[in-house]
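> Please find one structure pasted underneath; my questions will follow.
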Amino acid sequence: MNLLALMPFIVLIPLIASGVVALLPGRTLPWVATLLAALASAVIAALVLPEAIGQGPMSYPFGNWPPPIGIEYRVDAANAFVALLVAGMAAITLLWAPKSVAAEIEGRHGTFYALFLLALAGLLGITLTGDAFNVFVFLEISSLATYALIAYGQDRRALLAAFRYLIMGTVGATFLLIGIAFLYMVTGTLNMADLAERLPELRDNNAVRAALAFIIVGMGLKLALLPLHLWLPNAYAYAPNFVTAFLAGTATKVALYVMLRFVFTVFAPDYSFVVLPLSTVLMVLAVAGMFAGSWVAMFQIHLKRMLAYSSVAQVGYMVLGVSLATLTGLTAAFLHLFNHALIKTALFMAIGCVMYRTGSAKLDDLRGLGREMPWTLTAFALAGLSIIGVPTTAGFISKWYLVLASVEVGAWWLVALIVITSLMAVYYIWRVIEAAWFSPRPQGAVAVQEAPLALLLPTWLVVGLNFYFGLDTRLTVGASTAAAEALLGAGVALP
Amino acid sequence: MTLLSFFNYWVVIILMMVGFYCVIARGNMVKKIMGLNLFQTSVFILFVSAGKIVGGSTPILRDGVEVYSNPLPHVIVLTAIVVGVAITAVGLALAVRIQEAYGTIEDDHLRDDFDEEDD
Amino acid sequence: MSDNGILRIIARFLIPLILLVGLYIQFHGEYSPGGGFQAGVVFAVGWILYVLIWGLERGLKVISLKAMYVLSAAGVLLYAGTGLLGVLLGGKYLEFYPLLESPHAAQQAGIIVVEFGVGLTVATVAMLIFTLFARRRSEWIAALEQDDPEQRP
């Protein structure tokens, strides 16, 4: 079996496994099966990535119907990189899962893990497919599973958050469908590569313009780009901790990838950025997101919500990289996509450890906890350094590239903005550290133990990865550059 | 009459706006889901009407048929309908659980809930 | 509603017809309009009509909740398994040509099996959704009737 034959199994393994896992009894068995499935897809994704970078796009026609008639999976450096991130984060968060899930979810866990696998398969399917309609289907598979996963949260507000996310997510996905419908009506094809070939002749067609606008708005909703981010904070805050950790590392990243794939591959950058003032619009929204997200995060007392607002800000950094529309900018976007997944997952895992012991994620309940749970809160502080962008952390690398990209186009003021928002990140991380170490434990608070090793080890693994990718950037920078090159094609530059 | 010859698009636009308005303006969650359904249905009609060819027959291979409608949009819409059914089911299930947890499914009564309980 | 004679007799007449139409759509799906999804829904509608008239308890004797769960997963696995069979026999995923000698028969067989999986899943999932919604309401009312003032809205 060669690599090409294995490639579709990145998606198929979780998809098939979810059917099996749903029927497994008890708690341990479903988890083991889920972990094995996620590991298998991560390993295949890791094997496919170097091949996709070295050899160029790989295409797998389903049912041996040659594209554009059949559906193909088309993998180049960009989606192989994102697929590796998604499958890898799934495997790592799963290592952390069993204790946390057992504490939060009653009864057997077969259905829960089956939903998780469906969400994973959906996200991977979006990433790998080369068919525009298939993106919609997988998007809805993953979204539906995600709504249900969020509703598993213990707090009754999880239901409300899930419902509001369902409404906004469905509107977003339907906008994507409208965009795809317009594209299909003018070109008669749904294959992305085929669309990219046919669209240049239709540059003056209004339906194509409308399609681009609909797709950007639709994916902006799933991406939580600033004015469309309202679903995200509550969804992240009230979902089970394991679900939050997984979603924070993957869901918005995949949505960003879809937007990039349409903007760059399907419409070609010299069309998208000219027809719509995309560069300006995205830059304004990104900067606004960076500020508003960080600003609101500074005043949150619920730590999961604080981190969720910080995610809105970090999405701003990624979109800022995209809006520059240069190779360095796009590289920075991909780098931050990868690094932010590591950072946010580590932070949410640390908060999850705190919640496992204290049952609360409020800032006040954290006071004096640094001495009682030193390992957990040290992990939080170190991951916090990464989100601030201190050198030797992964967060520094992506911000460095973002600064480079800004300087390259002569936008020095962007550098100032990036530094200011990083200082805001210092503030909201510092509040936690101050509460944990420099405040006394409230009178009459129950003694709290350190989190169990089963939770600590995976948390520290992700924290360690943050520092590893802060020092050894061969994989991340190399793959990000290859991904950016794959999307930009043969160096199409802005006018 | 160009206005009338595009009547399918007019239907789509009207349905879409009615549905979208319903999602935004109605506080009742079941009504929101109805609006969402209407919104999606308008897109289905957009897709299906794109596949219609005037004078075309059903896309089944037989003698004497030259012009036939495009079957692909129908297949796509069928898939999208399945997705819509699933969304409706999940949405209604959430509405049931919200009713059980809060005793109401009027969004207006629940609006401040996120801030209140944070004390 | 089973005490209403008109409903009972019409349902008795309709239900077999509905199930038959469901099966017809299912097994003619490969060369005429039809297929697993439509068939599954129509088939489930037959069962739902039965439940509406004779009650959920009798409906669950026809097919138990557990059977629904198992069959809905089995349908997906049948679909996926047929796809895998294509890979094992040396083709691509969901390629049916390697299944049988004659290419026409192979495509036909493959699509029938796959669509049967779809139909199975859709029918059982539609029944499942109906059952869960129907039961939830009665369970909730039962919970309210027990002395549990905190549950009361």
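Naming scheme: A, B, ... for chains in displayed order of the structure tokens; residues 1 onward per chain; ligands 1 onward as shown.
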Pick out the chain B residues within 8 Å of chain A. Count only C-alpha atoms. Give them as a list in words.

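Close enough to count are Val23, Lys32, Ile33, Leu36, Gln40, Val43, Leu46, Phe47, Ala50, Ile76, Thr79, Ala80, Val83, Ala86, Ile87, Val90, Gly91, Leu94, Ala95, Arg97, Ile98, Ala101, Asp113, Phe114 and Asp118 of chain B.
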
> Quick one: residues within 12 Å of range 406-418 of chain A, only C-alpha atoms counted, chain neighbours fewer than 4 positions away excluded, as number ranges by chain?

A: 283-284, 286-291, 294, 313-314, 316-318, 320-330, 332-333, 388-389, 396, 398-402, 422-425, 494

> Output the selection as a short mmCIF file (atom, residue, chain, number, x, y, z; two decimals), in the first residue's frame - N, CA and C atoms for each residue.


data_model
loop_
_atom_site.label_atom_id
_atom_site.label_comp_id
_atom_site.auth_asym_id
_atom_site.auth_seq_id
_atom_site.Cartn_x
_atom_site.Cartn_y
_atom_site.Cartn_z
N MET A 283 -7.99 43.60 7.15
CA MET A 283 -7.04 44.23 8.06
C MET A 283 -7.78 45.00 9.16
N VAL A 284 -8.80 45.75 8.76
CA VAL A 284 -9.56 46.51 9.77
C VAL A 284 -10.19 45.57 10.78
N ALA A 286 -9.34 42.52 11.47
CA ALA A 286 -8.32 41.81 12.25
C ALA A 286 -7.81 42.69 13.37
N VAL A 287 -7.48 43.93 13.04
CA VAL A 287 -6.96 44.83 14.08
C VAL A 287 -8.03 45.08 15.14
N ALA A 288 -9.26 45.31 14.67
CA ALA A 288 -10.34 45.52 15.63
C ALA A 288 -10.49 44.29 16.53
N GLY A 289 -10.40 43.10 15.93
CA GLY A 289 -10.52 41.87 16.70
C GLY A 289 -9.40 41.75 17.72
N MET A 290 -8.16 42.08 17.29
CA MET A 290 -7.02 42.00 18.20
C MET A 290 -7.26 42.88 19.42
N PHE A 291 -7.77 44.11 19.16
CA PHE A 291 -7.96 45.04 20.27
C PHE A 291 -9.16 44.68 21.11
N SER A 294 -8.63 41.37 23.08
CA SER A 294 -7.72 41.51 24.22
C SER A 294 -8.33 42.40 25.29
N ALA A 313 -8.95 37.51 19.76
CA ALA A 313 -7.82 38.37 19.43
C ALA A 313 -6.79 37.63 18.58
N GLN A 314 -6.55 36.36 18.91
CA GLN A 314 -5.54 35.60 18.17
C GLN A 314 -5.99 35.32 16.74
N GLY A 316 -7.58 37.38 15.13
CA GLY A 316 -7.21 38.64 14.51
C GLY A 316 -5.79 38.61 13.98
N TYR A 317 -4.83 38.08 14.76
CA TYR A 317 -3.44 38.01 14.28
C TYR A 317 -3.35 37.20 12.99
N MET A 318 -4.06 36.05 12.98
CA MET A 318 -3.98 35.18 11.79
C MET A 318 -4.52 35.92 10.58
N LEU A 320 -4.81 39.04 10.17
CA LEU A 320 -3.92 40.15 9.81
C LEU A 320 -2.85 39.67 8.84
N GLY A 321 -2.27 38.51 9.15
CA GLY A 321 -1.27 37.93 8.26
C GLY A 321 -1.84 37.71 6.87
N VAL A 322 -3.07 37.21 6.81
CA VAL A 322 -3.69 36.96 5.51
C VAL A 322 -3.91 38.27 4.76
N SER A 323 -4.34 39.30 5.50
CA SER A 323 -4.73 40.55 4.83
C SER A 323 -3.54 41.22 4.16
N LEU A 324 -2.32 40.90 4.61
CA LEU A 324 -1.16 41.49 3.97
C LEU A 324 -0.96 40.92 2.57
N ALA A 325 -1.47 39.69 2.35
CA ALA A 325 -1.46 39.05 1.04
C ALA A 325 -0.05 38.94 0.45
N THR A 326 0.93 38.75 1.31
CA THR A 326 2.26 38.45 0.81
C THR A 326 2.66 37.06 1.28
N LEU A 327 3.74 36.55 0.73
CA LEU A 327 4.18 35.22 1.12
C LEU A 327 4.52 35.19 2.61
N THR A 328 5.22 36.21 3.09
CA THR A 328 5.58 36.23 4.51
C THR A 328 4.34 36.35 5.37
N GLY A 329 3.39 37.19 4.94
CA GLY A 329 2.17 37.36 5.71
C GLY A 329 1.41 36.06 5.83
N LEU A 330 1.30 35.35 4.71
CA LEU A 330 0.56 34.09 4.72
C LEU A 330 1.31 33.05 5.55
N ALA A 332 3.14 33.74 8.10
CA ALA A 332 2.87 34.10 9.49
C ALA A 332 1.50 33.61 9.92
N ALA A 333 0.51 33.73 9.00
CA ALA A 333 -0.84 33.27 9.34
C ALA A 333 -0.82 31.78 9.63
N ILE A 388 1.85 35.54 25.13
CA ILE A 388 2.36 36.91 25.11
C ILE A 388 3.36 37.07 23.97
N GLY A 389 4.13 36.01 23.73
CA GLY A 389 5.12 36.07 22.65
C GLY A 389 6.52 36.34 23.17
N PHE A 396 6.27 33.47 20.19
CA PHE A 396 7.21 34.47 19.71
C PHE A 396 7.47 34.30 18.21
N SER A 398 5.63 33.07 15.80
CA SER A 398 4.59 33.53 14.86
C SER A 398 4.45 35.04 14.89
N LYS A 399 4.60 35.64 16.09
CA LYS A 399 4.50 37.10 16.12
C LYS A 399 5.69 37.73 15.41
N TRP A 400 6.85 37.10 15.52
CA TRP A 400 8.03 37.60 14.83
C TRP A 400 7.80 37.63 13.33
N TYR A 401 7.24 36.55 12.82
CA TYR A 401 6.99 36.52 11.37
C TYR A 401 5.92 37.54 10.98
N LEU A 402 4.97 37.75 11.86
CA LEU A 402 3.93 38.75 11.58
C LEU A 402 4.56 40.14 11.52
N SER A 422 0.06 42.68 22.51
CA SER A 422 0.82 41.70 23.29
C SER A 422 0.91 42.17 24.74
N LEU A 423 1.05 43.49 24.93
CA LEU A 423 1.10 44.00 26.30
C LEU A 423 -0.24 43.76 27.00
N MET A 424 -1.33 43.87 26.22
CA MET A 424 -2.62 43.57 26.82
C MET A 424 -2.67 42.11 27.24
N ALA A 425 -2.05 41.23 26.44
CA ALA A 425 -2.00 39.82 26.82
C ALA A 425 -1.20 39.66 28.10
N LEU A 494 0.37 40.87 -5.32
CA LEU A 494 -0.65 41.90 -5.42
C LEU A 494 -0.23 42.99 -6.39
#

> Residues within 9 Å of Tyr271 in chain A, please, as JSON, numbers by chain. Count only C-alpha atoms; anything in the same chain fewer than 5 positions from it doesn't count.

{"A": [200, 203, 263, 264, 276]}

> Report as a tab-separated table: every residue of chain C with an atom at most 7 Å from chain A, its closest pair of atoms, and their distance in Å to one decimal, counting only C-alpha atoms, with rows sorted by chain and ascending residue number.


residue	atom	partner	partner_atom	distance
C:Val70	CA	A:Leu23	CA	6.9
C:Ala73	CA	A:Gly19	CA	5.1
C:Val76	CA	A:Gly19	CA	6.6
C:Leu77	CA	A:Gly19	CA	6.5
C:Ala80	CA	A:Ile16	CA	6.5
C:Lys92	CA	A:Gly63	CA	5.6
C:Tyr93	CA	A:Gly63	CA	5.5
C:Leu94	CA	A:Gly63	CA	4.3
C:Glu95	CA	A:Gly63	CA	3.6
C:Phe96	CA	A:Gly63	CA	7.0

> Taking only C-alpha atoms into account, report as a list in words which residues of chain C lie within 10 Å of chain B.

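Output check: Tyr31, Ser32, Pro33, Phe37, Gln38, Val122, Val125, Ala126, Ile129, Phe130, Leu132, Phe133, Arg136, Arg137, Trp140, Gln151, Arg152 and Pro153 of chain C.
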
> Could the residues in this selection be saved with N, CA and C atoms as a compact mmCIF listing (two decimals), in the first residue's frame?


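Final output, again39.txt:
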# COMPACT_ATOMS: atom_id res chain seq x y z
N TYR C 31 -31.36 2.56 -10.73
CA TYR C 31 -31.53 3.00 -12.10
C TYR C 31 -32.77 3.86 -12.33
N SER C 32 -33.43 4.23 -11.28
CA SER C 32 -34.56 5.16 -11.43
C SER C 32 -34.57 6.06 -10.19
N PRO C 33 -35.38 7.12 -10.22
CA PRO C 33 -35.35 8.02 -9.07
C PRO C 33 -35.65 7.26 -7.78
N PHE C 37 -32.02 7.40 1.12
CA PHE C 37 -32.55 8.41 2.04
C PHE C 37 -34.07 8.48 1.97
N GLN C 38 -34.58 8.63 0.73
CA GLN C 38 -36.03 8.74 0.58
C GLN C 38 -36.70 7.48 1.11
N VAL C 122 -30.94 5.77 7.82
CA VAL C 122 -31.92 6.86 7.81
C VAL C 122 -33.21 6.42 8.49
N VAL C 125 -32.61 6.08 12.26
CA VAL C 125 -32.36 7.36 12.91
C VAL C 125 -33.65 8.18 12.98
N ALA C 126 -34.45 8.14 11.91
CA ALA C 126 -35.72 8.87 11.94
C ALA C 126 -36.61 8.33 13.05
N ILE C 129 -35.12 9.50 16.44
CA ILE C 129 -35.42 10.90 16.79
C ILE C 129 -36.85 11.00 17.30
N PHE C 130 -37.76 10.35 16.56
CA PHE C 130 -39.17 10.39 16.97
C PHE C 130 -39.34 9.81 18.37
N LEU C 132 -37.17 9.36 20.82
CA LEU C 132 -36.54 10.10 21.91
C LEU C 132 -37.35 11.35 22.26
N PHE C 133 -37.84 12.06 21.22
CA PHE C 133 -38.66 13.23 21.50
C PHE C 133 -39.94 12.82 22.23
N ARG C 136 -39.17 11.65 25.84
CA ARG C 136 -38.68 12.72 26.70
C ARG C 136 -39.84 13.46 27.37
N ARG C 137 -40.86 13.74 26.57
CA ARG C 137 -42.01 14.50 27.08
C ARG C 137 -42.70 13.72 28.20
N TRP C 140 -40.62 13.60 31.27
CA TRP C 140 -40.54 14.89 31.95
C TRP C 140 -41.79 15.11 32.79
N GLN C 151 -37.95 20.80 40.20
CA GLN C 151 -38.02 20.53 38.76
C GLN C 151 -39.13 21.35 38.10
N ARG C 152 -40.10 21.75 38.92
CA ARG C 152 -41.26 22.42 38.32
C ARG C 152 -40.86 23.77 37.72
N PRO C 153 -41.31 24.06 36.54
CA PRO C 153 -40.91 25.32 35.92
C PRO C 153 -41.60 26.51 36.59
